[in-house]
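Have a look at the structure below before the remarks.
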Number of protein chains: 2
Amino acid sequence: MSKKYVYMFAEGNASMRELLGGKGANLAEMSSLGLPVPYGFTITTEACTAYYDDGERVNDDIMAQVKESLAKLEEQAGKKLGDPANPLLVSVRSGARASMPGMMDTILNLGINDEVVETIAAKTGNPRFAYDSYRRFIQMFSDVVMELSKKRFEEIIDELKEAKGVKLDTELDADDMKELVKRFKEFYKENRNEDFPQDTNVQLQRAIEAVFKSWNNPRAIFYRKENDIPYSWGTAVNVQMMVFGNMGDDCGTGVAFTRNPATGENKLFGEFLMNAQGEDVVAGVRTPQTIDQLKEVMPGAYEDFVKICDTLEHHYHDMQDMEFTIENEKLFMLQTRNGKRTAAAALKIACDMVDEGLVTTDQALMMVEPKQLDSLLHPQFNAEALSKAEVVAKGLAASPGAACGQVVFSAEDAKEEHAKGKKVVLVRLETSPEDIEGMAVAEGVLTVRGGMTSHAAVVARGMGECCVSGCGDIKIDYENKQFTIGDRVYKEFDWISLDGTTGNVYGEAIPTEPATISGYFKRFMDWADERRTLKIRTNADTPKDAKQALEFGAEGIGLVRTEHMFFEERKIKAIREMIVSSTVEQRRAALEKVLVLQQEDFEGIYEAMEGNPVTIRYLDPPLHEFVPQGEKEIVDLANEMNMKVEDLKAVISELHEANPMMGHRGCRLAVTYPEIAEMQTRAVIGAAIAVQRRHLDWDVVPEIMIPLVGDVKELKYVKDVVVKTADEMIENSDVKLIYHVGTMIEIPRAAILAGEIATEAEFFSFGTNDLTQMTFGFSRDDAGKFLNSYYDAKIYEQDPFQRVDQRGVGVLVKLAADQGRKTRPNIKLGVCGEHGGDPSSIEFFHRVGLNYVSCSPYRVPIARLAAAQAAIKNSK
Amino acid sequence: MSKKYVYMFAEGNASMRELLGGKGANLAEMSSLGLPVPYGFTITTEACTAYYDDGERVNDDIMAQVKESLAKLEEQAGKKLGDPANPLLVSVRSGARASMPGMMDTILNLGINDEVVETIAAKTGNPRFAYDSYRRFIQMFSDVVMELSKKRFEEIIDELKEAKGVKLDTELDADDMKELVKRFKEFYKENRNEDFPQDTNVQLQRAIEAVFKSWNNPRAIFYRKENDIPYSWGTAVNVQMMVFGNMGDDCGTGVAFTRNPATGENKLFGEFLMNAQGEDVVAGVRTPQTIDQLKEVMPGAYEDFVKICDTLEHHYHDMQDMEFTIENEKLFMLQTRNGKRTAAAALKIACDMVDEGLVTTDQALMMVEPKQLDSLLHPQFNAEALSKAEVVAKGLAASPGAACGQVVFSAEDAKEEHAKGKKVVLVRLETSPEDIEGMAVAEGVLTVRGGMTSHAAVVARGMGECCVSGCGDIKIDYENKQFTIGDRVYKEFDWISLDGTTGNVYGEAIPTEPATISGYFKRFMDWADERRTLKIRTNADTPKDAKQALEFGAEGIGLVRTEHMFFEERKIKAIREMIVSSTVEQRRAALEKVLVLQQEDFEGIYEAMEGNPVTIRYLDPPLHEFVPQGEKEIVDLANEMNMKVEDLKAVISELHEANPMMGHRGCRLAVTYPEIAEMQTRAVIGAAIAVQRRHLDWDVVPEIMIPLVGDVKELKYVKDVVVKTADEMIENSDVKLIYHVGTMIEIPRAAILAGEIATEAEFFSFGTNDLTQMTFGFSRDDAGKFLNSYYDAKIYEQDPFQRVDQRGVGVLVKLAADQGRKTRPNIKLGVCGEHGGDPSSIEFFHRVGLNYVSCSPYRVPIARLAAAQAAIKNSK
């Protein structure tokens, strides 16, 4: 028996998301709840995989099942696709497992041809509607299926409007629509060397293929990468009987949320357009009415809708984002899904739903995407500067937050300028899915057209990015790269600021400030802290960072990079003196100068951390990083150092390495120059003693971390220096100080031999950055040159430096953790690579049983939530 | 009960080598065979380990056991250490598990003090002997135990000789010796601030400590590294009753081999000195008599010795190297061990012993050190050039082979000039253990003094290095760095040639030629081939190398580095054209030019290999290796390429990478530029088709190897290009061609995911060079800077690029091999890193169950023997 590739809506349910995609599963679920859903069927994601496996064709088996299901649909609808007497029209829409709004393609009104259009005109008595539907179909079909230029179709419409002297599409009458159909078909024929297909079965098959194909378009690829969606999932295709919002003034279409997706307020939120098709709302071309107004326009439909919203929220235990169409006053549901929302809204909704008894705290914790919290952590405008700033324009508060950057007018420019290190604000008439990459790199987005559910608004909220939309005060002149507000002109690269919470636009740069955790945020994070078992530490090199992290909930420092302190002016001089030393004595003398300053640094960090544990990594980078490379800087340094220029150049050239990543760095420095490890120990222990003495109620327990270890003997060699130095200092002091010595596990060999290394190491901290570099053989600095080709070829879909590679690097992490615990059951295990702040990686580290992850201060709340979610997911 | 640290000779046997060291175990074995061995005991290697564990001191337990054993020895000897009435003298000598001739320290005549010396003088009636023994003891004790300058003692002797107007030590009389003792003791006191120790127990304890300490002297460290001896083994100490070869004219001492160690001839071979102590023979100061002459001088002792030689050879089933002393006509055996021998001798002895029924072929195979064969494979003098060359001097044929190089006069200079890339011949009056590193890097060694068993001769034979010793025609003038032969002057850096097989010295450079395998060598290698299960392939990039390897017994090519061919003038131009291409079309056009030339290369290699398998690795190095870096070369290239200099510079700078080892190279090039893989496939398959058509009786089966793979999808992506191209070509040809596509396993991730990779790879070839780099995180180009510190600190004892790191890298190799076979039971597994030619690594690869190793042509015979030994060792 062949595999089942097609399911009628009546056959599916919400749990079949993997097979039917999100949209298909929810349409099925709504059907079985008895909600008014137009009949239809779903072609599975497995059919999509088969499509690609078969070299991008839909095989006969699948098409046979489609035909069978179509027959059932025709029976349910009482109409037949392509039947000139009683024609069925359908929509063909994508629907992946995870929601990917606007990323893939949709075709409406499929089933119209030259005969059918006449039947519809006759049956509805509305020839304008019939031909409008036909021209929309040709337009979408040509764009999606045949990849003909969208732009040319719009030009044809514009030409006609100009000839007629009208401005709006709505001003075109039935004959105009007929004319458009004619011109569209001509354009189609010119370009495709065939007539526009009249066979409705051909229309359907090509549309299905086009949706499968759209799974692999550049927008979809980018979106998947941004959202960790694997290529292998594929998309389902939903074929559904059309209902029409554009059949007259008792028709309409809209989108709505059960709660406010920007603020979380428990109140219906949405928009609709009378006499329109769905695309008109989303595209933001006409400005729609709010959902409240529907109450007055069509009270019956409104009442039905409110009931359905309530049913859906209780059914799904989450805020819903819905599409609906009203055809001759009858309400149809076209989609429901858990709604995207701002982080602030997400937190309020989660707390409210717990209070309403709608969800448990565990369920509430699972409702918020950890990465989203980021938007709450980033700087807000400085209140004083804000109070003095002049509001030059006002738009819709489409996505909250503060943005400040230089104006650019295209997504391309945004990417280019961002790559140069500029902060940019993207200013557009409206945005479209093609703009998504440019939006991602911009600080904020400002659009002239479009409402709260316009593309710009939806995408920006999804990204946690500030957005002001529908700001009609602005006139954009793309050609001259400028915009005007009244008589003021803003040119490309002028600074502006956006407040996504108020919709205010400022014609200047406004300084920003760090965020704090309070209110719903705090309550929610408290639940997360109760639930998680992983401790969250931070990577911080300064008292300021340490303080910030503590405020964000860090429970210690997992990584102090001592070398970051070396660049401070007084220190760098002594460090350079050390580097150019030719004897141990000279080196010691230079190190003596560093010692005093480094001890101060450590005291500051211990003070900031208030007795929480602090892990200090010993000098890691190759020494050449501390000497200048430019001619002038070298001459200056030589003068400063009282050296001959050529001698200094010889030292610098001696430090040059073919592959510095794998060169003389990490504990290799301590093996060749044990006096460096000795100095650092004196600074760490000296600082700890001083701070412990000042705060007798704290437990100052330094954790000394030896980097780049590959063998237990290597660790022991450096540890012996540390222990000898530290024990002597402690013995001579008046405080009792406990300290630990551990190691990074960041070299594959260390992971393999972790069992032995644990005989000396009291803790392991996985340096997954370097471990990833060496396990893949990728130089992080160079991989950019070829990784794009790898993404294109689907060899890798994720940047392994962002998200830990569980199948490769993860095997080494697990091996090392297991072996380490075998040798030393109470060994402390943590992660201090950048993966420590990545939610999916955090789940992996939870499963491996690490004790903590350490991440940058701004990632701490994200990590706290991700750790809680990991605990919830893995307790089931 | 405490551990047993001391064994009387009567308690041990030959199988206790690990505990008693080689010397101790063999002394015990000879004792139990009833041979005349002076009484004694051995302090175990475990005591040495304890010595280092206890911070370089001999603990009380060990000393207590030593005293107990000393008491037994005193009872056996009927004398007491330090007893003025009846004094026992002992030797204290090192003896590690593996023979380390001359590397550690020996003290003779221990037990003499101011009283004892008088007793000896009185008892022997030979005061000269008594005081000679005393001054020797002071000299050795001071050098070894107290680290006083050896040189100063010799100066004191020279001063006395000058004052007396004599030249030879033997011309000094008893009073002179007494005077020397006085002066030595004064020098000792001046420098040590104490009298020379008169307490014989103190003498003994310090001597034991000194021997343990000598385990860690620089010479010993170097020797261990050269010979793969672990630091952890430690040395044993042998304390043995002295017998005296210097007590008069019925005394003597000598060293001998049961067969000729230079030629293998089955005839006693050795030397002795009358009225001398052992050190006099080895030092090469007096020229000794041959062992044959002993027959006439002392027929009784000679007859005894011949019998003992026969007994020992039959007992040990190997050629023996022995030390003996004759005291008042009575023969004593002081040592026996398997004798070091030249490679030629080793092969003859192995074959002879099989023919004599003394050993099996398996035993014979185990008798030859694989690395030793190297000396037989290296070029010999060109016969014609040799016939025209003038012999300017003649010495002893101490170690066979041909050497040609520039004259240097010290081991230091040899190292220095060798490091600059020069070939040097080391010319010395005589060599001493301090010279060992300089000898190792020299092409050959020429000494003025010393016989066939002098230090220079023994060490050179061990190294397989050409040596001419005892060349008295030469007068060396160290000060002016020159030597003269008659009236001809040879200055530093003049070219000379040495023939170690004849002892001839030539005052010119004589060209050399490759060696062949025939005679004993061939017979022996045939046994090896029968015994081994590992196939031996070669790494070869040219038909010439391939031919050479085939002659040395290679069974295929394991690695053709295609890029090595790219540097040929016509090709490099096209390659550079490809690199500067900015479109796929330009790149294809340039590659088209490379294709023709590359196909020619491959045809040449297939022809040379006569149907044996050939594995071709696709382009591996980063592209920047093909473009010039110097200013002038860049300008030239730009002109040649018709480009602007700044454009070319931009391309070159674009190619620059921070860590090229982990950058855009290997199959990453084929992923970004699939057209390169396509071109290489066309060249490989085109060449294979052409050669197959010319030789219908051959099986030309190309093995296409994709480098630097880290994921199965990556391999599949490149393989798809290969297969599509190849299948099309084969289909359009008139021959049936089978080909295989496989991968290197050289990235840790590939080893971890080898099970998946094997679904696509038909073979794995372990690239242990890169795998070592990435598993250790060592850049091979940079590790030199810090690895010496690691050797000093005993963190690593072996260069992991020479000898595969079984504990780390080996784990990945085994994992990948196991997983690969699990997925694809008939997968072919090989090694093409440099470890493929290292005997200890080969044993590991045998155990892991690889199918073949591939190494450079000159290593092929070594690998064949190592593989046979691995099979023998692991069949037990």
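Identifiers in the structure tokens: chain A, B, ... in order shown; residue index from 1 per chain; ligand index from 1 in order shown.
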
Could you name the residues that touch Asp60 (chain A) at 12 Å or less, counting only C-alpha atoms, but leaving out those on the same chain fewer than 6 positions away, as number ranges by chain?
A: 2, 5, 47, 50-51, 54, 66-67, 205

Check every residue of chain B for an atom within 6 Å of chain A, counting only C-alpha atoms, and provide those that qualify as a PDB file with N, CA and C atoms, in the first residue's frame.
```pdb
ATOM      1  N   GLU B 657      44.327  34.508   4.820  1.00  0.00           N
ATOM      2  CA  GLU B 657      43.509  33.944   5.896  1.00  0.00           C
ATOM      3  C   GLU B 657      44.233  34.035   7.231  1.00  0.00           C
ATOM      4  N   ASN B 659      43.956  31.824   9.698  1.00  0.00           N
ATOM      5  CA  ASN B 659      44.434  30.484  10.022  1.00  0.00           C
ATOM      6  C   ASN B 659      44.224  29.572   8.822  1.00  0.00           C
ATOM      7  N   MET B 662      42.939  25.978   8.770  1.00  0.00           N
ATOM      8  CA  MET B 662      41.538  25.689   9.042  1.00  0.00           C
ATOM      9  C   MET B 662      40.649  26.555   8.162  1.00  0.00           C
ATOM     10  N   GLY B 663      41.177  26.925   7.012  1.00  0.00           N
ATOM     11  CA  GLY B 663      40.447  27.881   6.201  1.00  0.00           C
ATOM     12  C   GLY B 663      39.816  27.256   4.970  1.00  0.00           C
ATOM     13  N   THR B 672      32.766  25.349  -3.005  1.00  0.00           N
ATOM     14  CA  THR B 672      32.560  26.695  -3.544  1.00  0.00           C
ATOM     15  C   THR B 672      32.799  26.728  -5.060  1.00  0.00           C
ATOM     16  N   LYS B 713      27.099  15.008   4.174  1.00  0.00           N
ATOM     17  CA  LYS B 713      26.462  15.801   3.118  1.00  0.00           C
ATOM     18  C   LYS B 713      27.496  16.529   2.260  1.00  0.00           C
ATOM     19  N   GLU B 714      28.569  16.905   2.911  1.00  0.00           N
ATOM     20  CA  GLU B 714      29.655  17.598   2.218  1.00  0.00           C
ATOM     21  C   GLU B 714      30.304  16.637   1.210  1.00  0.00           C
ATOM     22  N   PRO B 748      38.509  16.058  13.200  1.00  0.00           N
ATOM     23  CA  PRO B 748      37.908  15.310  14.304  1.00  0.00           C
ATOM     24  C   PRO B 748      36.425  14.988  14.062  1.00  0.00           C
ATOM     25  N   ARG B 749      35.703  15.963  13.519  1.00  0.00           N
ATOM     26  CA  ARG B 749      34.275  15.726  13.308  1.00  0.00           C
ATOM     27  C   ARG B 749      34.043  14.560  12.344  1.00  0.00           C
ATOM     28  N   MET B 774      44.611  19.028  14.470  1.00  0.00           N
ATOM     29  CA  MET B 774      43.342  19.506  15.003  1.00  0.00           C
ATOM     30  C   MET B 774      42.957  18.849  16.314  1.00  0.00           C
ATOM     31  N   THR B 775      43.407  17.626  16.519  1.00  0.00           N
ATOM     32  CA  THR B 775      43.091  16.956  17.784  1.00  0.00           C
ATOM     33  C   THR B 775      43.890  17.580  18.925  1.00  0.00           C
ATOM     34  N   PHE B 776      45.120  17.968  18.637  1.00  0.00           N
ATOM     35  CA  PHE B 776      45.953  18.626  19.647  1.00  0.00           C
ATOM     36  C   PHE B 776      45.727  20.140  19.669  1.00  0.00           C
ATOM     37  N   GLY B 777      45.157  20.657  18.580  1.00  0.00           N
ATOM     38  CA  GLY B 777      45.130  22.116  18.453  1.00  0.00           C
ATOM     39  C   GLY B 777      46.532  22.676  18.252  1.00  0.00           C
ATOM     40  N   PHE B 778      47.374  21.913  17.581  1.00  0.00           N
ATOM     41  CA  PHE B 778      48.748  22.341  17.300  1.00  0.00           C
ATOM     42  C   PHE B 778      48.856  22.700  15.834  1.00  0.00           C
ATOM     43  N   SER B 779      49.339  23.870  15.545  1.00  0.00           N
ATOM     44  CA  SER B 779      49.725  24.168  14.180  1.00  0.00           C
ATOM     45  C   SER B 779      51.122  23.613  13.971  1.00  0.00           C
ATOM     46  N   ASP B 782      53.867  26.034  13.720  1.00  0.00           N
ATOM     47  CA  ASP B 782      54.148  26.912  14.858  1.00  0.00           C
ATOM     48  C   ASP B 782      54.544  26.154  16.120  1.00  0.00           C
ATOM     49  N   SER B 789      59.680  23.211  25.160  1.00  0.00           N
ATOM     50  CA  SER B 789      59.331  23.391  26.575  1.00  0.00           C
ATOM     51  C   SER B 789      58.523  22.195  27.076  1.00  0.00           C
ATOM     52  N   ILE B 795      55.955  16.796  29.524  1.00  0.00           N
ATOM     53  CA  ILE B 795      54.520  16.731  29.236  1.00  0.00           C
ATOM     54  C   ILE B 795      54.307  15.841  28.017  1.00  0.00           C
ATOM     55  N   GLY B 808      45.223   9.815  22.133  1.00  0.00           N
ATOM     56  CA  GLY B 808      44.302  10.881  21.737  1.00  0.00           C
ATOM     57  C   GLY B 808      43.846  10.700  20.303  1.00  0.00           C
TER      58      GLY B 808
END
```

Using 10 Å as the limit and counting only C-alpha atoms, can you tabulate each residue of region 418-518 of chain A that touches region 81-105 of chain A, with its shortest atom-to-atom distance in Å and the two atoms involved, as a Markdown table?
```
| residue | atom | partner | partner_atom | distance |
| --- | --- | --- | --- | --- |
| A:Ser432 | CA | A:Gly102 | CA | 8.5 |
| A:Pro433 | CA | A:Gly102 | CA | 6.3 |
| A:Glu434 | CA | A:Met103 | CA | 8.9 |
| A:Ile436 | CA | A:Met103 | CA | 9.5 |
| A:His455 | CA | A:Gly102 | CA | 8.0 |
| A:Val458 | CA | A:Pro101 | CA | 8.5 |
| A:Val459 | CA | A:Pro101 | CA | 8.2 |
| A:Gly462 | CA | A:Pro101 | CA | 9.9 |
```

Next, the residues of the selection above should be written as a PDB file, in the first residue's frame with C-alpha atoms.
```pdb
ATOM      1  CA  SER A 432       7.870  43.061   1.614  1.00  0.00           C
ATOM      2  CA  PRO A 433       9.292  39.627   2.304  1.00  0.00           C
ATOM      3  CA  GLU A 434      12.313  40.430   0.120  1.00  0.00           C
ATOM      4  CA  ILE A 436      13.690  40.590   5.578  1.00  0.00           C
ATOM      5  CA  HIS A 455       4.346  43.017   6.863  1.00  0.00           C
ATOM      6  CA  VAL A 458       4.516  41.541  11.969  1.00  0.00           C
ATOM      7  CA  VAL A 459       8.101  40.814  11.021  1.00  0.00           C
ATOM      8  CA  GLY A 462       8.837  38.648  15.470  1.00  0.00           C
TER       9      GLY A 462
END
```

Quick one: of B:Glu762, B:Glu731, B:Glu568, B:Glu603, who's nearest to Ile827 (chain B), counting only C-alpha atoms?
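Using only C-alpha atoms, the shortest distance to Ile827 (chain B) belongs to B:Glu762.
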
DSSP-assigned strand (DSSP E) members of region 575-747 of chain B, reported as a list in words
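In region 575-747 of chain B, DSSP puts these residues in strand (DSSP E): Val614, Thr615, Ile616, Arg617, Pro702, Glu703, Ile704, Met705, Ile706, His740, Val741, Gly742, Thr743, Met744 and Ile745 of chain B.
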
What's around region 694-704 of chain A at 9 Å? Count only C-alpha atoms, leave out sequence neighbours fewer than 2 positions away in its own chain, and write the answer as a VMD selection string.
chain A and resid 606 to 607 610 to 618 681 684 to 685 688 to 692 706 722 737 to 743 763

What lies within 10 Å of Phe521 (chain B) using only C-alpha atoms, ignoring chain neighbours under 3 positions off, as a CSV table (one decimal) with N, CA, C and O atoms, in the first residue's frame?
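Result file follows (selection22.csv):
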```csv
chain,number,residue,atom,x,y,z
B,343,ALA,N,72.7,-2.4,9.3
B,343,ALA,CA,71.5,-3.0,8.7
B,343,ALA,C,72.0,-4.2,7.8
B,343,ALA,O,71.3,-5.3,7.8
B,344,ALA,N,73.1,-4.0,7.1
B,344,ALA,CA,73.5,-5.1,6.2
B,344,ALA,C,73.9,-6.3,7.1
B,344,ALA,O,73.5,-7.5,6.8
B,346,ALA,N,72.7,-7.0,10.0
B,346,ALA,CA,71.5,-7.5,10.6
B,346,ALA,C,70.8,-8.5,9.7
B,346,ALA,O,70.4,-9.5,10.1
B,347,LEU,N,70.8,-8.1,8.4
B,347,LEU,CA,70.1,-9.0,7.4
B,347,LEU,C,70.9,-10.3,7.2
B,347,LEU,O,70.3,-11.3,7.2
B,348,LYS,N,72.2,-10.1,7.1
B,348,LYS,CA,73.0,-11.4,6.9
B,348,LYS,C,72.9,-12.3,8.1
B,348,LYS,O,72.7,-13.5,8.0
B,350,ALA,N,70.5,-12.4,10.3
B,350,ALA,CA,69.1,-13.0,10.4
B,350,ALA,C,69.0,-14.2,9.4
B,350,ALA,O,68.5,-15.3,9.8
B,351,CYS,N,69.5,-14.0,8.2
B,351,CYS,CA,69.4,-15.1,7.2
B,351,CYS,C,70.3,-16.3,7.6
B,351,CYS,O,69.9,-17.4,7.6
B,373,LEU,N,66.8,-0.2,8.3
B,373,LEU,CA,66.8,-0.5,6.8
B,373,LEU,C,67.1,0.8,6.0
B,373,LEU,O,67.6,0.7,4.9
B,376,LEU,N,70.2,1.3,4.2
B,376,LEU,CA,70.4,0.5,2.9
B,376,LEU,C,69.7,1.1,1.7
B,376,LEU,O,69.9,0.7,0.6
B,516,THR,N,69.2,-0.5,-4.3
B,516,THR,CA,68.3,-1.5,-4.7
B,516,THR,C,68.2,-2.6,-3.7
B,516,THR,O,69.0,-2.7,-2.8
B,517,ILE,N,67.1,-3.4,-3.8
B,517,ILE,CA,66.9,-4.5,-2.8
B,517,ILE,C,67.3,-5.8,-3.5
B,517,ILE,O,66.6,-6.2,-4.4
B,518,SER,N,68.3,-6.5,-2.9
B,518,SER,CA,68.7,-7.8,-3.5
B,518,SER,C,69.4,-8.6,-2.4
B,518,SER,O,69.6,-8.1,-1.3
B,524,PHE,N,65.1,-11.5,3.0
B,524,PHE,CA,64.5,-11.1,4.3
B,524,PHE,C,63.1,-10.4,4.1
B,524,PHE,O,62.1,-10.7,4.7
B,525,MET,N,63.1,-9.5,3.1
B,525,MET,CA,61.9,-8.8,2.8
B,525,MET,C,60.8,-9.7,2.3
B,525,MET,O,59.6,-9.5,2.6
B,526,ASP,N,61.2,-10.8,1.6
B,526,ASP,CA,60.2,-11.7,1.2
B,526,ASP,C,59.5,-12.4,2.4
B,526,ASP,O,58.3,-12.6,2.4
B,861,PRO,N,60.2,-0.1,2.4
B,861,PRO,CA,60.7,-1.3,3.0
B,861,PRO,C,60.6,-1.3,4.5
B,861,PRO,O,60.4,-2.3,5.1
```

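Taking CA of Leu268 (chain B) and CA of Leu865 (chain B) as the two end points, the separation is 27.9 Å.
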
Could you list, as a ChimeraX atom specification, every residue within 9 Å of region 627-632 of chain B, counting only C-alpha atoms and ignoring same-chain residues fewer than 6 positions away?
/B:572,576,579,652

Can I get the selected residues back with N, CA and C atoms, as an mmCIF file, in the first residue's frame?
```
data_model
loop_
_atom_site.group_PDB
_atom_site.id
_atom_site.type_symbol
_atom_site.label_atom_id
_atom_site.label_comp_id
_atom_site.auth_asym_id
_atom_site.auth_seq_id
_atom_site.Cartn_x
_atom_site.Cartn_y
_atom_site.Cartn_z
ATOM 1 N N ILE B 572 51.036 26.356 -13.589
ATOM 2 C CA ILE B 572 50.841 27.395 -12.575
ATOM 3 C C ILE B 572 50.207 28.631 -13.206
ATOM 4 N N ARG B 576 46.753 30.160 -11.860
ATOM 5 C CA ARG B 576 46.622 31.542 -11.410
ATOM 6 C C ARG B 576 45.505 32.243 -12.165
ATOM 7 N N ILE B 579 42.445 31.362 -10.483
ATOM 8 C CA ILE B 579 42.272 32.012 -9.190
ATOM 9 C C ILE B 579 41.779 33.441 -9.342
ATOM 10 N N ILE B 652 44.889 38.814 -4.132
ATOM 11 C CA ILE B 652 45.797 38.127 -3.210
ATOM 12 C C ILE B 652 45.412 38.429 -1.767
#
```
